[in-house]
Every structure is written in C-alpha cells, then in structure tokens.
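What follows is a single structure, written as structure tokens, with notes after it.
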Amino acid sequence: MGVGITVEGLNAFYGKTQALFDVNITVLANHATALIGPSGCGKSTFIRCLNRMHETIPEARVEGRVRIGDFSVYNGTSATQLRRRVGMVFQKPNPFPTMSIYDNVAAGLKLNGFGNRKQLDEIVHKSLHASALWDEVKDHLHKKSGASLSGGQQQRLCIARALAVQPEVLLMDEPCSALDPISTGKIEELIFQLKEQYTIVIVTHNMQQAARVAEFTGFFLLGKMIEFDKTEKIFTNPTDKRTEDYVTGRFG
C-alpha cells in the first residue's frame with residue numbers, strides 16, 4: 001500500500017520572489033490527486049517541493065513541513081534518499097538517448113549500486129509491465145535506445161524508470177501535455193492501475209483529465225491553494241467563487 005502526504009504551512013521562494021504561500025494539504029494514500037490552475041500559479045513548484053527538485057534551482061528555498069507517510073522531507077535527509085521514495089515524471093519525456101530501453105529502466109537502480117543481474121532483469125520486466133510498455137518493447141530491450149520510441153512510449157518508459165526504484169509516491173508534472181490523444185488515453189488508463197499501489201499527484205492543465213483520473217483536486221491561484229476537495233465537488237459545486245470562475249472557463 002502507498003503512503004499519504006501531509007503538507008503544513010509550505011512557503012516557497014526563488015530568491016526574493018515568493019512562489020507559494022502557506023499551502024496546507026493532505027493527500028490520501030492510493031489515490032490520484034490532481035492539481036489545476038492557470039500557468040505560473042505554483043502547481044509545478046509545489047510538486048517539486050515534495051521531492052526537493054526545487055533545490056536544483058539556485059536561491060530556491062522552502063519553509064514549512066512536508067511528510068511522506070512518517071518520513072519528514074526536510075529533516076536533513078539526503079535528496080537522493082527522498083527521491084527513491086518519491087518518483088517524478090516530467091512534462092517532456094526525457095529518456096537517456098544513448099542508453100538502451102533496458103538500461104533506461106535500470107538506470108536509477110545502477111546509480112544506487114544495485115548490481116544483481118537476475119534481480120535487475122526481474123525489476124525491469126516488472127516495471128515495463130507496470131507501465132504497460134512490455135508487449136511493445138520486449139523484443140528490443142537491448143537493441144533500441146530509449147530515444148527511438150514514440151513520444152507516448154518514451155513517457156511510459158520514463159514511468160517505468162521511476163517505478164523501478166520502487167517509490168511510494170509518483171509525481172506527474174503535466175505528463176500528457178506533449179502527447180497525442182491515443183497516448184494520453186494510455187497514460188490515463190495507467191494512472192488508474194498504478195494508484196492501487198502508489199499515491200499519485202498529477203499537475204494538469206486539462207480539466208477533463210483531472211475529472212477523469214483523480215478522486216481529489218486542488219485549485220492553485222497566485223501561489224495559494226484556493227480550494228481542495230473531492231474532484232466531483234470542485235467541478236460541480238465549488239465553495240470558492242474563484243474556483244468556479246476557473247473551472248467554468250471565465251479565466252485561465
């Protein structure tokens with residue numbers, strides 16, 4: 001079973017510019033939670049704070065508490081340890097172009113010193129199955145590079161790579177925005193299957209997608225979490241007028 005996420009009083013800064021303001025949210029384990037809102041409202045910054053990816057940007061800093069299950073994200077634990085527990089899939093598929101399909105999936109494990117070939121084979125096989133890619137690539141694992149796959153296949157390869165290190169949480173930052181409708185449908189179907197084992201947080205500009213895949217939805221505006229509730233309520237009977245204006249297309 002997956003673990004939940006608890007965020008309390010989260011503030012994020014890029015230098016002197018504040019990007020997130022006092023965000024509080026509880027993400028339930030083994031559910032998909034969508035984050036919606038206009039561009040530049042803090043959605044991506046928020047999920048990057050969950051696995052400390054924001055630390056790759058100079059002068060970025062965070063205040064507040066984030067817990068993944070009983071694990072405190074900001075208690076001095078190394079970012080590498082954290083990212084074993086919290087996988088991330090980005091907007092643009094980013095397979096390692098010079099590596100085979102197999103080596104792409106195994107990359108995180110090898111980086112962590114995992115060397116047992118038999119177990120490595122099993123994990124690669126399992127991860128490609130879990131990302132619904134195995135049947136399409138099983139005959140080319142060592143022959144083709146990750147970059148030779150189609151965009152949708154590359155994104156599922158990146159999901160397999162994230163799953164291989166056996167995380168508890170999977171963060172997805174607009175994973176379908178660069179994909180065609182058929183590939184998008186496959187990723188959405190995958191999210192339904194994966195949330196049985198993982199806690200998923202997905203940033204999306206596509207409100208229909210949020211309605212299809214997520215049980216809970218949070219609406220961000222100008223760095224603040226305006227409203228967080230069951231997805232159905234957010235889209236049919238939101239509490240805040242700003243949420244209603246956004247989901248009905250009055251702005252954004």
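Identifiers in the structure tokens: chain A, B, ... in order shown; residue index from 1 per chain; ligand index from 1 in order shown.
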_strand (DSSP E) residues, from DSSP on the backbone, in region 156-226 of chain A, as a VMD selection string_ = chain A and resid 169 to 173 199 to 203 216 to 221 224 to 226
Enumerate, in order of chain and increasing residue number, the residues of region 197-227 of chain A with an atom no farther than 7 Å from region 25-43 of chain A, each with its shortest atom pair and distance in Å to one decimal, counting only C-alpha atoms, as a tab-separated table.
residue	atom	partner	partner_atom	distance
A:Gln197	CA	A:Asn30	CA	6.2
A:Tyr198	CA	A:Asn30	CA	5.3
A:Thr199	CA	A:Asn30	CA	4.5
A:Ile200	CA	A:Ala32	CA	4.6
A:Val201	CA	A:Thr33	CA	4.8
A:Ile202	CA	A:Ala34	CA	4.8
A:Val203	CA	A:Leu35	CA	4.8
A:Thr204	CA	A:Ile36	CA	5.8
A:His205	CA	A:Ile36	CA	6.1
A:Ala210	CA	A:Ala34	CA	5.6
A:Val213	CA	A:Ala32	CA	6.7
A:Ala214	CA	A:Ala32	CA	4.6
A:Glu215	CA	A:Ala32	CA	6.0
A:Phe216	CA	A:Thr33	CA	4.8
A:Thr217	CA	A:Ala34	CA	4.6
A:Gly218	CA	A:Leu35	CA	4.8
A:Phe219	CA	A:Ile36	CA	5.0
A:Phe220	CA	A:Gly37	CA	5.0
A:Leu221	CA	A:Cys41	CA	5.0
A:Leu222	CA	A:Cys41	CA	4.6
A:Gly223	CA	A:Gly42	CA	4.8
Export of prior selection with C-alpha atoms as a PDB file, in the first residue's frame:
ATOM      1  CA  GLN A 197      -0.052   0.565  -5.435  1.00  0.00           C
ATOM      2  CA  TYR A 198       1.134   4.183  -5.387  1.00  0.00           C
ATOM      3  CA  THR A 199      -0.008   7.598  -4.241  1.00  0.00           C
ATOM      4  CA  ILE A 200      -0.186   9.793  -7.350  1.00  0.00           C
ATOM      5  CA  VAL A 201      -0.133  13.581  -7.644  1.00  0.00           C
ATOM      6  CA  ILE A 202      -0.675  14.927 -11.158  1.00  0.00           C
ATOM      7  CA  VAL A 203      -0.377  18.513 -12.376  1.00  0.00           C
ATOM      8  CA  THR A 204      -2.606  19.111 -15.392  1.00  0.00           C
ATOM      9  CA  HIS A 205      -3.959  21.986 -17.466  1.00  0.00           C
ATOM     10  CA  ALA A 210      -8.419  15.841 -13.810  1.00  0.00           C
ATOM     11  CA  VAL A 213      -8.343  10.313 -13.331  1.00  0.00           C
ATOM     12  CA  ALA A 214      -8.384  11.996  -9.902  1.00  0.00           C
ATOM     13  CA  GLU A 215     -10.560  11.434  -6.855  1.00  0.00           C
ATOM     14  CA  PHE A 216      -9.351  14.713  -5.328  1.00  0.00           C
ATOM     15  CA  THR A 217      -8.445  18.036  -6.926  1.00  0.00           C
ATOM     16  CA  GLY A 218      -6.674  21.135  -5.648  1.00  0.00           C
ATOM     17  CA  PHE A 219      -7.026  24.539  -7.319  1.00  0.00           C
ATOM     18  CA  PHE A 220      -3.991  26.858  -7.203  1.00  0.00           C
ATOM     19  CA  LEU A 221      -4.061  30.580  -7.932  1.00  0.00           C
ATOM     20  CA  LEU A 222      -1.198  33.061  -7.500  1.00  0.00           C
ATOM     21  CA  GLY A 223       0.785  30.630  -5.347  1.00  0.00           C
TER      22      GLY A 223
END
*Residues near Lys144 (chain A), cut-off 12 Å, only C-alpha atoms, skip fewer than 6 positions along chain, as a ChimeraX atom specification*: /A:96-104,136-138,150,154
With N, CA and C atoms kept, could you save the residues just selected as a short mmCIF file (atom, residue, chain, number, x, y, z; two decimals), in the first residue's frame?
data_model
loop_
_atom_site.label_atom_id
_atom_site.label_comp_id
_atom_site.auth_asym_id
_atom_site.auth_seq_id
_atom_site.Cartn_x
_atom_site.Cartn_y
_atom_site.Cartn_z
N PHE A 96 17.14 8.61 -21.47
CA PHE A 96 18.56 8.83 -21.75
C PHE A 96 18.81 8.36 -23.19
N PRO A 97 19.15 9.25 -24.10
CA PRO A 97 19.14 8.92 -25.54
C PRO A 97 20.17 7.88 -25.96
N THR A 98 21.28 7.80 -25.24
CA THR A 98 22.33 6.86 -25.66
C THR A 98 22.17 5.49 -25.00
N MET A 99 21.19 5.35 -24.11
CA MET A 99 21.01 4.07 -23.40
C MET A 99 19.93 3.23 -24.06
N SER A 100 20.07 1.93 -23.94
CA SER A 100 19.03 1.02 -24.43
C SER A 100 17.77 1.16 -23.58
N ILE A 101 16.69 0.58 -24.04
CA ILE A 101 15.43 0.59 -23.28
C ILE A 101 15.68 -0.03 -21.90
N TYR A 102 16.37 -1.17 -21.89
CA TYR A 102 16.66 -1.86 -20.64
C TYR A 102 17.44 -0.96 -19.68
N ASP A 103 18.52 -0.36 -20.20
CA ASP A 103 19.39 0.46 -19.34
C ASP A 103 18.68 1.73 -18.85
N ASN A 104 17.75 2.24 -19.65
CA ASN A 104 16.96 3.38 -19.20
C ASN A 104 16.17 3.02 -17.94
N GLU A 136 5.20 -3.98 -26.14
CA GLU A 136 5.65 -3.19 -27.29
C GLU A 136 7.17 -3.18 -27.44
N VAL A 137 7.89 -3.48 -26.39
CA VAL A 137 9.36 -3.33 -26.45
C VAL A 137 10.12 -4.61 -26.10
N LYS A 138 9.44 -5.68 -25.71
CA LYS A 138 10.12 -6.86 -25.16
C LYS A 138 11.16 -7.47 -26.11
N SER A 150 8.36 6.16 -29.73
CA SER A 150 7.44 7.28 -29.96
C SER A 150 7.30 8.09 -28.68
N GLN A 154 7.94 6.82 -24.99
CA GLN A 154 9.01 7.41 -24.18
C GLN A 154 8.48 7.83 -22.80
#
Mind checking which residues fall within 8 Å of Ile47 (chain A), counting only C-alpha atoms, ignoring those fewer than 2 positions away in the same chain, and posting them as a PDB file with C-alpha atoms, in the first residue's frame?
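Contents of around_26.pdb, as written:
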ATOM      1  CA  LYS A  43       1.426  23.889  -9.260  1.00  0.00           C
ATOM      2  CA  SER A  44       4.781  22.670 -10.574  1.00  0.00           C
ATOM      3  CA  THR A  45       6.702  24.445  -7.826  1.00  0.00           C
ATOM      4  CA  CYS A  49       8.892  20.786  -3.240  1.00  0.00           C
ATOM      5  CA  LEU A  50       7.549  17.297  -2.460  1.00  0.00           C
ATOM      6  CA  ASN A  51      10.760  15.654  -3.676  1.00  0.00           C
ATOM      7  CA  LEU A 171       4.551  12.821  -9.048  1.00  0.00           C
ATOM      8  CA  ASP A 173       4.031  17.192 -13.965  1.00  0.00           C
ATOM      9  CA  VAL A 201      -0.133  13.581  -7.644  1.00  0.00           C
TER      10      VAL A 201
END
_DSSP on the backbone, helix (DSSP H, G or I) only: what residues of region 53-237 of chain A does that give? Format it as a PyMOL selection string._
chain A and resi 53-56+79-85+101-111+117-130+134-137+146-148+151-164+181-194+207-213+231-236
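Pairwise distance (CA of Lys110 (chain A), CA of Phe90 (chain A)) equals 20.9 Å.
Checking A:Ala132, A:Leu149, A:Val3, A:Leu111 one by one against Gly185 (chain A), counting only C-alpha atoms, you find the shortest gap at A:Ala132.
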*Write out as an MDAnalysis selection string the residues lying within 12 Å of Val73 (chain A), counting only C-alpha atoms and excluding same-chain residues fewer than 2 positions away.*
chainID A and resid 5:8 10 48:53 62:71 75:83 85:86
Write the residues of the preceding selection, restricted to N, CA and C atoms, as a short mmCIF file (atom, residue, chain, number, x, y, z; two decimals), in the first residue's frame.
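Printed below is selection13.cif as written:
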data_model
loop_
_atom_site.label_atom_id
_atom_site.label_comp_id
_atom_site.auth_asym_id
_atom_site.auth_seq_id
_atom_site.Cartn_x
_atom_site.Cartn_y
_atom_site.Cartn_z
N ILE A 5 0.54 11.97 1.93
CA ILE A 5 1.41 13.14 2.01
C ILE A 5 0.71 14.20 2.85
N THR A 6 1.45 14.77 3.80
CA THR A 6 0.91 15.86 4.62
C THR A 6 1.79 17.09 4.44
N VAL A 7 1.17 18.19 4.05
CA VAL A 7 1.89 19.45 3.85
C VAL A 7 1.30 20.50 4.78
N GLU A 8 2.17 21.15 5.56
CA GLU A 8 1.70 22.15 6.53
C GLU A 8 2.52 23.44 6.39
N LEU A 10 3.43 25.42 3.91
CA LEU A 10 4.52 25.41 2.92
C LEU A 10 4.62 26.75 2.20
N ARG A 48 7.41 19.98 -7.04
CA ARG A 48 8.87 19.92 -6.94
C ARG A 48 9.34 20.02 -5.50
N CYS A 49 8.56 20.71 -4.67
CA CYS A 49 8.89 20.79 -3.24
C CYS A 49 8.68 19.45 -2.54
N LEU A 50 7.83 18.59 -3.10
CA LEU A 50 7.55 17.30 -2.46
C LEU A 50 8.73 16.34 -2.58
N ASN A 51 9.56 16.51 -3.61
CA ASN A 51 10.76 15.65 -3.68
C ASN A 51 12.04 16.47 -3.82
N ARG A 52 11.92 17.76 -3.44
CA ARG A 52 13.07 18.67 -3.36
C ARG A 52 13.76 18.91 -4.69
N MET A 53 13.02 18.76 -5.78
CA MET A 53 13.58 19.09 -7.08
C MET A 53 13.84 20.59 -7.21
N VAL A 62 12.62 26.69 0.84
CA VAL A 62 11.28 26.31 1.29
C VAL A 62 11.18 26.47 2.79
N GLU A 63 10.01 26.86 3.26
CA GLU A 63 9.69 26.86 4.69
C GLU A 63 8.43 26.03 4.88
N GLY A 64 8.32 25.37 6.02
CA GLY A 64 7.14 24.57 6.30
C GLY A 64 7.47 23.10 6.47
N ARG A 65 6.43 22.28 6.61
CA ARG A 65 6.63 20.85 6.85
C ARG A 65 5.99 20.03 5.74
N VAL A 66 6.73 19.01 5.29
CA VAL A 66 6.20 18.04 4.33
C VAL A 66 6.54 16.66 4.85
N ARG A 67 5.54 15.81 4.94
CA ARG A 67 5.76 14.43 5.37
C ARG A 67 5.23 13.47 4.31
N ILE A 68 6.04 12.45 3.99
CA ILE A 68 5.62 11.36 3.12
C ILE A 68 5.44 10.16 4.03
N GLY A 69 4.20 9.83 4.36
CA GLY A 69 3.97 8.84 5.41
C GLY A 69 4.53 9.39 6.71
N ASP A 70 5.41 8.63 7.37
CA ASP A 70 6.02 9.11 8.62
C ASP A 70 7.41 9.69 8.38
N PHE A 71 7.73 9.96 7.13
CA PHE A 71 9.06 10.40 6.72
C PHE A 71 9.05 11.91 6.48
N ASN A 75 14.06 17.13 7.01
CA ASN A 75 14.69 16.96 8.33
C ASN A 75 16.17 16.63 8.22
N GLY A 76 16.78 16.99 7.10
CA GLY A 76 18.20 16.72 6.93
C GLY A 76 18.50 15.45 6.16
N THR A 77 17.47 14.70 5.78
CA THR A 77 17.67 13.51 4.95
C THR A 77 18.16 13.94 3.58
N SER A 78 18.98 13.11 2.95
CA SER A 78 19.51 13.49 1.64
C SER A 78 18.41 13.44 0.58
N ALA A 79 18.54 14.32 -0.41
CA ALA A 79 17.57 14.36 -1.51
C ALA A 79 17.57 13.04 -2.27
N THR A 80 18.72 12.39 -2.36
CA THR A 80 18.80 11.11 -3.07
C THR A 80 17.95 10.06 -2.38
N GLN A 81 18.03 9.99 -1.05
CA GLN A 81 17.20 9.04 -0.29
C GLN A 81 15.72 9.33 -0.51
N LEU A 82 15.39 10.61 -0.48
CA LEU A 82 13.99 11.01 -0.65
C LEU A 82 13.46 10.59 -2.01
N ARG A 83 14.27 10.80 -3.06
CA ARG A 83 13.78 10.55 -4.42
C ARG A 83 13.66 9.07 -4.74
N ARG A 85 11.95 7.33 -2.73
CA ARG A 85 10.58 7.13 -2.25
C ARG A 85 9.56 7.90 -3.06
N VAL A 86 10.02 8.96 -3.73
CA VAL A 86 9.12 9.85 -4.45
C VAL A 86 9.60 9.99 -5.89
#
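Around Gly87 (chain A), within 6 Å and counting only C-alpha atoms, the residues found are Arg83, Ala162, Pro167 and Leu170 of chain A, once anything fewer than 3 positions away on its own chain is removed.
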For the selection you just gave me, I'd like the residues written to a file as a tab-separated table (two decimals), in the first residue's frame, keeping C-alpha atoms.
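Dumped to again-v7.tsv:
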chain	number	residue	atom	x	y	z
A	83	ARG	CA	13.78	10.55	-4.42
A	162	ALA	CA	10.51	5.93	-11.98
A	167	PRO	CA	8.85	4.53	-4.84
A	170	LEU	CA	4.60	9.15	-8.05
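Compared by their closest atoms to Ser131 (chain A), and using only C-alpha atoms, the residues A:His54, A:Arg84, A:Arg161, A:Lys92 rank with A:Arg161 nearest.
Among A:Val247, A:Ile187, A:Ala19, A:Ala12, the residue with the shortest atom-to-atom distance to Ala211 (chain A), counting only C-alpha atoms, is A:Val247.
Here CA of Gln166 (chain A) and CA of Gln119 (chain A) stand 13.1 Å from one another.
Coordinates place CA of Leu163 (chain A) at a distance of 14.9 Å from CA of Phe192 (chain A).
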